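Each remark here refers to the structure printed beneath this line.
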Amino acid sequence: MKNDALPSLGCSLLALLLALGSLTAETVDRTQLPVAQPERPVYSETDVRNVKVPARFEVAAPKDAPNVIIVLIDDLGFGATSTFGGPIATPTLDRLAKGGLKYNRFHTTALCSPTRTALKSGRNHHTCNMGFITEMATGIPGATGEIPNAVAPLAEMLRLNGYSTGAFGKWHETASWEVSVSGPFDRWPTRQGFDKFYGFIGGETNQWAPYLYDGVAPVELPDDPSYHFMADMTEKSIAWMKHQKAMTPEKPFFAYFAPGATHAPHHVPQDWIAKWKGKFDQGWDKIREETLARQIALGVVPKGTQLASKPAAIADWEKLSGDEKRLFTAQVETFAAYLDYTDHHIGQVVQAVEDMGQLDNTLIFYIAGDNGASAEGGMNGMFNEYTYFNGVEEKVEDMLKRIDQWGGPTTYPHMAAGWAVAFNTPFMWTKQVASNFGGTRNGMVAHWPKGITSKGELRSQFSHVIDVAPTILEAAGLPEPKVVNGTPQIPMEGTSLFPTFKSADAEDRHKTQYFEIAGNRAIYHDGWLAGVVHKAPWERSPSRALDADLWELYDVRNDFSCSKDLAANNPEKLKEMQALFLEEAKKYHVLPIDDRVFERMIGEMVGRPDLMGKRTSLTLAEGMTGMMEAAFINVKNKSKTITAEIEVPENGGNGIVLCQGGRFGGWALYVKDGVPGYAYNFLGLQNVNLASTEKLKPGKATLVFDFAYEGGGAGKGGQGVLSVNGSKVAEGKIPHTQGGIFSADETADVGIDLGTPVVDVIGSEAKSKFTGRIPKVTIEVR
């Protein structure tokens, strides 16, 4: 070939490639996903030069389809944000509301996992098998914790229609026994429609030391004392969006941005807490009154709205002691700072979208809570939330001794329930109480300059979290698919809010909606709400049987706050609503109702799969790390023996051999400067350390720790004995053990302690890595 032919050939190739890149399928059937590829042509020509290149098949999003961002805050009540009259400034939410729409009758399910699956599927939570949180799933359909293929998530629908998809932050939709290296990974984010996931899988995480995944790969945290997950996930999400638009500027993206905030633990830098000092000294009763006045002035609740009574268990602020007031105000200052800090970082995301020139055609849903504010902190709040799950009550005087640490890395705190009630103003109840709007009503803002011409207006149509997915499909010009990945789909059960983008007078389309979480249940229909408060969040068990429950009835057309119970005055209407609840409950797999709480923590009692099955031993080796509690052999409330075969280096070795948990509860077999030991950290309240007095000799060694549980119930103590090569080197009493849970996010690890340290003198992460070898370690229970 002559050299002068090369430029001509190069131009031809360039033209061809450009042509190929621009060819997309103009007419496709998007009701079956993935869209079917056209039949491949069959050629008889032998020379490719004689064949015309066919149009390239590619599924692209509809022209001008918007980018989509869903922001979902955790455990935040209707009356918390400044946008909806609350005492905590949320300038980002304010900004979006001024440029978009505020929804004041938007509802969630009253709990984490159920709301998240409903939001991302457009179906009710029991349809998604998410009747409760994943960790407390049962064997009953509707509550198995296993999202069925017949309810494909919105992310998968968008991905298969030409969107880039990314999820950042909290997930909490994967069955707990599926969170291990063995999967299956079908219900992990990257198999639920997201190309990218960066965040934590469970229900909560330590914001200072989270256990994170990038896709399905664990993330090694930076050695940075100022690290905070909120800042990290913000940085990662912004980088992802910028990268998408750099590579494929015409391709829309869907970003799901779900911080761990404001779920416990309430972790936030101290300088942010300082901003809120003294802002809540008036107490929760006065905060409720002030909030309602602002809500009425803003128009987010109707004039004449009455403040619903608070639960009888919540003390009057003026009757509290000085110590109680001091502690509780410190707790709420931390919570307020946490929300402030979170909204600030969401503002960075919004600003980044604007800086990219994408804000005009980006549909943003900012949902201020996946349920009401959480009263799970009980009457006094908690320095360590895991005390609640282990039946230990923290005393005010003990928490006061550590008040200066509140919100920092040495704490795992929650706030007193009185603040949760205040942040759910004007309603009575809180998270978990699906029968009252305090548990289910959350402020929501929609912002889309190109698609929403009204600015700063209020929308009062009754709506529910299942309405978001069909709204996004309509905004993108996409049909709801009938088949996804070969599985016929259960139709979406929500109704699109798209008409409300155009008019405040749009029809109220969502006529009927059931609510149910652990026996707290209700039915909404055409302006009426009937329900049952079966159990308060701070109660360990219901006060009455399901068939003895007392129903309440509210005309919410005229009683926004559910302050006037009409059950006694209108028994016929109540009977009609009760019958409708049963009809809806049967249709959506709510029945049978399951009001068990602590029994659900024990899988074998409720038919939940256990990765360990009936095994009584587990053999591990170095490199096996990141094992969540549900994917590790259960050592609670029983005797155990740990046998570790290790290879000791010349200096005697240092680091973790095997551990579970962390700073707020756990245990560890370790070697410190050549000396072996076993430590039990009881909720950060009591540390027992059984250690040898002699160093290990270099070479092979066998460490055995035997714990004889004394029995007599959960959380009891026992006798521990540590041996080296068959000789006892230490023994002693371990007075208390954790009978309920070690951690929602700390892991079991061989050869290292990920997250926070069980043993402070050993440390965690790289500092705790064992300097010898661990060919084999076996843990047996009996």
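FYI, nothing fancy with the structure tokens labels: chains A, B, ... in order, residues from 1 per chain, ligands from 1 as they appear.
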All helix (DSSP H, G or I) residues (DSSP, backbone) inside range 437-549 of chain A, as a list of chain:residue names: A:Phe437, A:Gly438, A:Gly439, A:Thr440, A:Val465, A:Ile466, A:Asp467, A:Val468, A:Ala469, A:Pro470, A:Thr471, A:Ile472, A:Leu473, A:Glu474, A:Ala475, A:Ala476, A:Phe498, A:Pro499, A:Thr500, A:Phe501, A:Lys502, A:Leu546, A:Asp547, A:Ala548
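Using only C-alpha atoms, the contacts of range 510-517 of chain A at a cut-off of 7 Å, with sequence neighbours closer than 5 positions omitted, comprise Thr109, Gly131, Phe132, Gln432, Ala434, Ser435, Phe462, Ser463, Thr495, Ala522, Ile523, Tyr524, His525, Asp526, Phe581 and Glu584 of chain A.
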9 Å contact set for Pro491 in chain A, only C-alpha atoms, chain neighbours under 6 positions out, as a PyMOL selection string: chain A and resi 122-123+150-151+480-482
Using C-alpha atoms, can you write the selected residues to a file as a compact mmCIF listing (two decimals), in the first residue's frame?
# COMPACT_ATOMS: atom_id res chain seq x y z
CA GLY A 122 -42.72 1.16 43.43
CA ARG A 123 -44.38 -1.71 45.28
CA ALA A 150 -40.89 -10.17 40.13
CA VAL A 151 -40.37 -6.73 41.71
CA GLU A 480 -43.42 0.40 33.17
CA PRO A 481 -41.92 -2.92 32.03
CA LYS A 482 -44.01 -6.07 32.07
DSSP strand (DSSP E or B) residues within range 177-209 of chain A, listed as a ChimeraX atom specification: /A:196-200
Residue neighbourhood Ala175 in chain A, 7 Å, only C-alpha atoms, exclusion window fewer than 3 positions, as a PyMOL selection string: chain A and resi 134+145-146+178
Residues within 10 Å of Val556 in chain A, only C-alpha atoms, excluding chain neighbours under 2 positions, as a ChimeraX atom specification: /A:524-530,553-554,558-564
Prev. selection, all heavy atoms, output as a short mmCIF file (atom, residue, chain, number, x, y, z; two decimals), in the first residue's frame:
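Resulting contents of out_33.cif:
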data_model
loop_
_atom_site.label_atom_id
_atom_site.label_comp_id
_atom_site.auth_asym_id
_atom_site.auth_seq_id
_atom_site.Cartn_x
_atom_site.Cartn_y
_atom_site.Cartn_z
N TYR A 524 -55.36 3.92 55.37
CA TYR A 524 -55.81 5.24 54.92
C TYR A 524 -56.73 5.03 53.73
O TYR A 524 -56.43 4.23 52.83
CB TYR A 524 -54.62 6.10 54.49
CG TYR A 524 -55.04 7.34 53.73
CD1 TYR A 524 -55.39 8.50 54.41
CD2 TYR A 524 -55.14 7.34 52.33
CE1 TYR A 524 -55.83 9.63 53.72
CE2 TYR A 524 -55.57 8.46 51.64
CZ TYR A 524 -55.91 9.60 52.34
OH TYR A 524 -56.34 10.71 51.66
N HIS A 525 -57.84 5.79 53.71
CA HIS A 525 -58.73 5.72 52.55
C HIS A 525 -59.54 7.00 52.47
O HIS A 525 -60.28 7.36 53.40
CB HIS A 525 -59.68 4.52 52.63
CG HIS A 525 -60.60 4.41 51.46
ND1 HIS A 525 -60.17 4.07 50.19
CD2 HIS A 525 -61.96 4.60 51.35
CE1 HIS A 525 -61.19 4.06 49.36
NE2 HIS A 525 -62.29 4.38 50.04
N ASP A 526 -59.37 7.70 51.35
CA ASP A 526 -60.18 8.89 51.05
C ASP A 526 -60.31 9.86 52.22
O ASP A 526 -61.42 10.29 52.57
CB ASP A 526 -61.57 8.47 50.56
CG ASP A 526 -61.58 8.17 49.07
OD1 ASP A 526 -60.60 8.51 48.38
OD2 ASP A 526 -62.57 7.59 48.59
N GLY A 527 -59.17 10.16 52.85
CA GLY A 527 -59.18 11.17 53.90
C GLY A 527 -59.42 10.67 55.30
O GLY A 527 -59.48 11.47 56.25
N TRP A 528 -59.58 9.36 55.46
CA TRP A 528 -59.75 8.77 56.79
C TRP A 528 -58.57 7.87 57.12
O TRP A 528 -58.00 7.22 56.23
CB TRP A 528 -61.04 7.95 56.85
CG TRP A 528 -62.28 8.79 56.85
CD1 TRP A 528 -62.94 9.27 55.75
CD2 TRP A 528 -63.00 9.26 57.99
NE1 TRP A 528 -64.03 10.01 56.13
CE2 TRP A 528 -64.10 10.02 57.50
CE3 TRP A 528 -62.84 9.10 59.36
CZ2 TRP A 528 -65.02 10.62 58.35
CZ3 TRP A 528 -63.77 9.70 60.23
CH2 TRP A 528 -64.83 10.45 59.72
N LEU A 529 -58.21 7.82 58.39
CA LEU A 529 -57.14 6.94 58.85
C LEU A 529 -57.63 6.19 60.08
O LEU A 529 -58.08 6.79 61.06
CB LEU A 529 -55.89 7.75 59.23
CG LEU A 529 -54.70 6.93 59.73
CD1 LEU A 529 -54.00 6.24 58.55
CD2 LEU A 529 -53.69 7.79 60.49
N ALA A 530 -57.56 4.86 60.01
CA ALA A 530 -57.89 4.01 61.16
C ALA A 530 -56.67 3.16 61.48
O ALA A 530 -56.03 2.62 60.56
CB ALA A 530 -59.10 3.13 60.86
N LEU A 553 -59.58 6.21 65.12
CA LEU A 553 -60.13 6.66 63.85
C LEU A 553 -59.96 8.19 63.75
O LEU A 553 -60.31 8.92 64.69
CB LEU A 553 -61.61 6.30 63.75
CG LEU A 553 -62.34 6.76 62.48
CD1 LEU A 553 -61.82 6.00 61.25
CD2 LEU A 553 -63.85 6.56 62.63
N TYR A 554 -59.43 8.64 62.60
CA TYR A 554 -59.19 10.07 62.40
C TYR A 554 -59.70 10.52 61.03
O TYR A 554 -59.50 9.83 60.03
CB TYR A 554 -57.70 10.40 62.51
CG TYR A 554 -57.11 10.03 63.85
CD1 TYR A 554 -56.41 8.83 64.03
CD2 TYR A 554 -57.26 10.89 64.94
CE1 TYR A 554 -55.88 8.50 65.26
CE2 TYR A 554 -56.72 10.56 66.18
CZ TYR A 554 -56.04 9.36 66.34
OH TYR A 554 -55.53 9.02 67.57
N ASN A 558 -59.67 16.99 58.01
CA ASN A 558 -59.91 18.12 58.90
C ASN A 558 -59.06 18.06 60.17
O ASN A 558 -59.14 18.97 61.01
CB ASN A 558 -61.39 18.16 59.30
CG ASN A 558 -62.30 18.26 58.09
OD1 ASN A 558 -62.20 19.22 57.32
ND2 ASN A 558 -63.16 17.27 57.89
N ASP A 559 -58.27 17.02 60.29
CA ASP A 559 -57.44 16.84 61.49
C ASP A 559 -56.05 16.39 61.04
O ASP A 559 -55.73 15.21 61.05
CB ASP A 559 -58.10 15.80 62.41
CG ASP A 559 -57.31 15.55 63.70
OD1 ASP A 559 -56.40 16.34 64.00
OD2 ASP A 559 -57.62 14.55 64.38
N PHE A 560 -55.26 17.34 60.60
CA PHE A 560 -53.94 17.05 60.01
C PHE A 560 -53.05 16.25 60.95
O PHE A 560 -52.31 15.37 60.52
CB PHE A 560 -53.27 18.38 59.64
CG PHE A 560 -51.98 18.24 58.88
CD1 PHE A 560 -51.96 18.22 57.49
CD2 PHE A 560 -50.77 18.14 59.55
CE1 PHE A 560 -50.77 18.10 56.79
CE2 PHE A 560 -49.56 18.01 58.87
CZ PHE A 560 -49.58 18.00 57.48
N SER A 561 -53.11 16.54 62.24
CA SER A 561 -52.16 15.97 63.21
C SER A 561 -52.66 14.71 63.91
O SER A 561 -51.98 14.18 64.78
CB SER A 561 -51.83 17.02 64.26
OG SER A 561 -53.00 17.42 64.95
N CYS A 562 -53.85 14.23 63.54
CA CYS A 562 -54.44 13.05 64.21
C CYS A 562 -54.59 13.32 65.71
O CYS A 562 -54.12 12.54 66.56
CB CYS A 562 -53.60 11.79 63.97
SG CYS A 562 -53.38 11.36 62.25
N SER A 563 -55.22 14.42 66.03
CA SER A 563 -55.35 14.81 67.44
C SER A 563 -56.72 14.47 68.03
O SER A 563 -56.89 14.52 69.25
CB SER A 563 -55.11 16.32 67.58
OG SER A 563 -56.09 17.06 66.87
N LYS A 564 -57.70 14.10 67.18
CA LYS A 564 -59.05 13.85 67.67
C LYS A 564 -59.50 12.46 67.23
O LYS A 564 -59.88 12.23 66.07
CB LYS A 564 -60.03 14.90 67.13
CG LYS A 564 -59.65 16.34 67.44
CD LYS A 564 -60.64 17.31 66.82
CE LYS A 564 -60.17 18.75 66.97
NZ LYS A 564 -58.98 19.04 66.13
#
Residues near Leu618 in chain A, cut-off 10 Å, only C-alpha atoms, skip fewer than 5 positions along chain, as a list in words: Met612, Phe632, Ile633, Ile642, Val777, Thr778, Ile779, Glu780 and Val781 of chain A
Near-range 75-84 of chain A list (9 Å; only C-alpha atoms; drop same-chain fewer than 4 positions) as a PyMOL selection string: chain A and resi 88-91+93-95+97+102+104+111-112+261-264+288+291-292+294-295+298-301+336+339+368-374+420-427+430-431+437-443
Can you write just those residues out, N, CA and C atoms, as a short mmCIF file (atom, residue, chain, number, x, y, z; two decimals), in the first residue's frame?
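That gives us out23.cif:
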data_model
loop_
_atom_site.label_atom_id
_atom_site.label_comp_id
_atom_site.auth_asym_id
_atom_site.auth_seq_id
_atom_site.Cartn_x
_atom_site.Cartn_y
_atom_site.Cartn_z
N ILE A 88 -34.16 22.79 63.07
CA ILE A 88 -32.81 22.52 62.56
C ILE A 88 -32.68 23.07 61.14
N ALA A 89 -31.72 23.94 60.95
CA ALA A 89 -31.52 24.57 59.65
C ALA A 89 -31.07 23.54 58.62
N THR A 90 -31.78 23.52 57.49
CA THR A 90 -31.43 22.65 56.36
C THR A 90 -31.42 23.49 55.09
N PRO A 91 -30.38 24.29 54.90
CA PRO A 91 -30.38 25.24 53.77
C PRO A 91 -30.45 24.57 52.40
N LEU A 93 -32.11 21.73 51.64
CA LEU A 93 -33.52 21.38 51.45
C LEU A 93 -34.34 22.65 51.21
N ASP A 94 -34.02 23.71 51.93
CA ASP A 94 -34.70 24.99 51.72
C ASP A 94 -34.51 25.47 50.28
N ARG A 95 -33.27 25.39 49.80
CA ARG A 95 -32.96 25.85 48.44
C ARG A 95 -33.76 25.09 47.40
N ALA A 97 -36.51 23.44 47.83
CA ALA A 97 -37.95 23.71 47.98
C ALA A 97 -38.33 25.04 47.33
N LYS A 102 -42.78 21.43 47.58
CA LYS A 102 -42.80 20.76 48.88
C LYS A 102 -44.05 19.89 48.97
N ASN A 104 -46.37 17.90 51.62
CA ASN A 104 -46.61 17.81 53.07
C ASN A 104 -47.52 16.66 53.46
N LEU A 111 -40.29 2.31 58.79
CA LEU A 111 -39.07 1.56 59.13
C LEU A 111 -38.12 1.50 57.94
N CYS A 112 -36.85 1.28 58.24
CA CYS A 112 -35.74 1.38 57.26
C CYS A 112 -35.89 0.49 56.03
N ALA A 261 -26.89 9.00 58.14
CA ALA A 261 -27.53 10.02 58.98
C ALA A 261 -29.02 10.12 58.64
N THR A 262 -29.85 10.37 59.66
CA THR A 262 -29.52 10.67 61.03
C THR A 262 -29.82 9.48 61.96
N HIS A 263 -29.67 8.29 61.43
CA HIS A 263 -29.78 7.06 62.22
C HIS A 263 -28.65 7.03 63.23
N ALA A 264 -28.91 6.44 64.40
CA ALA A 264 -27.82 6.21 65.34
C ALA A 264 -26.79 5.29 64.69
N ARG A 288 -41.84 21.59 70.55
CA ARG A 288 -43.03 21.16 69.82
C ARG A 288 -43.95 22.35 69.54
N THR A 291 -42.36 24.68 66.97
CA THR A 291 -42.35 24.07 65.64
C THR A 291 -43.73 24.17 64.99
N LEU A 292 -44.77 23.86 65.74
CA LEU A 292 -46.12 23.94 65.17
C LEU A 292 -46.44 25.36 64.72
N ARG A 294 -44.35 27.62 63.66
CA ARG A 294 -43.64 27.86 62.39
C ARG A 294 -44.30 27.11 61.24
N GLN A 295 -44.73 25.88 61.49
CA GLN A 295 -45.37 25.09 60.44
C GLN A 295 -46.64 25.77 59.93
N LEU A 298 -45.61 28.84 57.87
CA LEU A 298 -45.08 28.45 56.56
C LEU A 298 -46.16 27.87 55.65
N GLY A 299 -47.27 27.43 56.24
CA GLY A 299 -48.32 26.81 55.46
C GLY A 299 -48.12 25.34 55.21
N VAL A 300 -47.14 24.72 55.88
CA VAL A 300 -46.92 23.28 55.65
C VAL A 300 -47.89 22.43 56.46
N VAL A 301 -48.58 23.05 57.42
CA VAL A 301 -49.74 22.42 58.04
C VAL A 301 -50.86 23.45 57.99
N ALA A 336 -28.82 17.52 66.11
CA ALA A 336 -29.03 18.68 65.24
C ALA A 336 -27.79 18.93 64.39
N LEU A 339 -27.62 16.41 61.50
CA LEU A 339 -28.48 16.77 60.36
C LEU A 339 -27.90 17.96 59.61
N ALA A 368 -36.93 13.66 53.34
CA ALA A 368 -36.39 13.96 54.66
C ALA A 368 -36.84 12.92 55.68
N GLY A 369 -36.35 11.70 55.49
CA GLY A 369 -36.62 10.62 56.42
C GLY A 369 -37.21 9.40 55.76
N ASP A 370 -36.71 8.22 56.14
CA ASP A 370 -37.29 6.97 55.66
C ASP A 370 -38.37 6.48 56.62
N ASN A 371 -38.58 7.24 57.67
CA ASN A 371 -39.63 7.01 58.67
C ASN A 371 -39.56 8.20 59.62
N GLY A 372 -40.35 8.19 60.67
CA GLY A 372 -40.27 9.26 61.65
C GLY A 372 -38.97 9.22 62.42
N ALA A 373 -38.72 10.28 63.19
CA ALA A 373 -37.54 10.30 64.05
C ALA A 373 -37.61 9.13 65.03
N SER A 374 -36.44 8.61 65.41
CA SER A 374 -36.36 7.38 66.18
C SER A 374 -36.42 7.61 67.68
N ALA A 420 -37.40 12.64 69.81
CA ALA A 420 -38.00 12.04 68.62
C ALA A 420 -39.44 12.52 68.46
N VAL A 421 -40.17 12.55 69.56
CA VAL A 421 -41.55 13.04 69.51
C VAL A 421 -41.57 14.50 69.05
N ALA A 422 -40.62 15.29 69.55
CA ALA A 422 -40.57 16.70 69.16
C ALA A 422 -40.27 16.86 67.67
N PHE A 423 -39.41 16.03 67.14
CA PHE A 423 -39.04 16.15 65.73
C PHE A 423 -40.08 15.54 64.79
N ASN A 424 -41.13 14.94 65.38
CA ASN A 424 -42.25 14.45 64.57
C ASN A 424 -43.47 15.36 64.71
N THR A 425 -43.28 16.55 65.25
CA THR A 425 -44.38 17.52 65.39
C THR A 425 -45.06 17.74 64.02
N PRO A 426 -46.39 17.80 64.00
CA PRO A 426 -47.34 17.93 65.12
C PRO A 426 -47.94 16.61 65.58
N PHE A 427 -47.30 15.50 65.22
CA PHE A 427 -47.90 14.19 65.48
C PHE A 427 -47.47 13.63 66.83
N THR A 430 -43.77 8.00 66.57
CA THR A 430 -42.41 8.02 66.05
C THR A 430 -42.15 6.86 65.11
N LYS A 431 -40.91 6.70 64.71
CA LYS A 431 -40.46 5.54 63.94
C LYS A 431 -41.00 4.25 64.56
N PHE A 437 -49.15 9.06 61.80
CA PHE A 437 -48.35 9.83 60.86
C PHE A 437 -47.02 10.28 61.45
N GLY A 438 -46.88 10.24 62.76
CA GLY A 438 -45.57 10.52 63.35
C GLY A 438 -44.53 9.49 62.94
N GLY A 439 -44.99 8.29 62.61
CA GLY A 439 -44.07 7.25 62.15
C GLY A 439 -43.91 7.20 60.66
N THR A 440 -44.91 7.75 59.91
CA THR A 440 -44.92 7.55 58.46
C THR A 440 -44.90 8.82 57.62
N ARG A 441 -45.20 9.99 58.21
CA ARG A 441 -45.22 11.19 57.38
C ARG A 441 -43.84 11.86 57.39
N ASN A 442 -43.31 12.08 56.20
CA ASN A 442 -42.00 12.71 56.04
C ASN A 442 -42.08 13.82 55.02
N GLY A 443 -41.37 14.89 55.27
CA GLY A 443 -41.31 15.96 54.30
C GLY A 443 -40.56 15.52 53.06
#
Each residue of range 366-467 of chain A with at least one atom at most 6 Å from range 266-272 of chain A should appear once, together with its nearest atom pair and the corresponding distance in Å (one decimal); atoms considered: only C-alpha atoms; ordering: chain, then increasing residue number; output as CSV.
residue,atom,partner,partner_atom,distance
A:Gly407,CA,A:His267,CA,4.4
A:Gly408,CA,A:His267,CA,6.0
A:Pro413,CA,A:His266,CA,5.6
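Using only C-alpha atoms, the shortest contact distance between Thr771 in chain A and any of A:Ile646, A:Met605, A:Ala701, A:Leu307 is found at A:Ile646.
Proximity of A:Ala61, A:Val671, A:Ala567, A:Val606 to Thr144 in chain A, computed with only C-alpha atoms, is greatest for A:Val606.
As for CA of Pro649 in chain A and CA of Lys769 in chain A, they are spaced 13.3 Å apart.
CA of Val433 in chain A lies 19.6 Å from CA of Asn380 in chain A.
The smallest atom-to-atom distance between Tyr670 in chain A and any of A:Ala239, A:Val759, A:Lys303, A:Leu696, using only C-alpha atoms, is found for A:Val759.
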Could I get the residues of range 135-171 of chain A with an atom no further than 12 Å from an atom of range 209-223 of chain A, each paired with its nearest atom pair and that distance in Å to one decimal, using only C-alpha atoms, sorted by chain and residue number, as CSV?
residue,atom,partner,partner_atom,distance
A:Gly166,CA,A:Gly215,CA,10.1
A:Ala167,CA,A:Gly215,CA,9.6
A:Phe168,CA,A:Asp214,CA,9.5
A:Gly169,CA,A:Leu212,CA,9.0
A:Lys170,CA,A:Leu212,CA,9.7
A:Trp171,CA,A:Tyr213,CA,10.6
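The closest residue to Tyr388 in chain A, picked from A:Cys659, A:Gly202, A:Glu539, A:Ala246 and counting only C-alpha atoms, is A:Glu539.
The shortest atom-to-atom distance to Pro252 in chain A, with only C-alpha atoms taken into account, belongs to A:Asp64 out of A:Asp64, A:Glu474, A:Asp760, A:Glu156.
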d(CA of Trp538 in chain A, CA of Thr411 in chain A) in Å: 20.9 Å
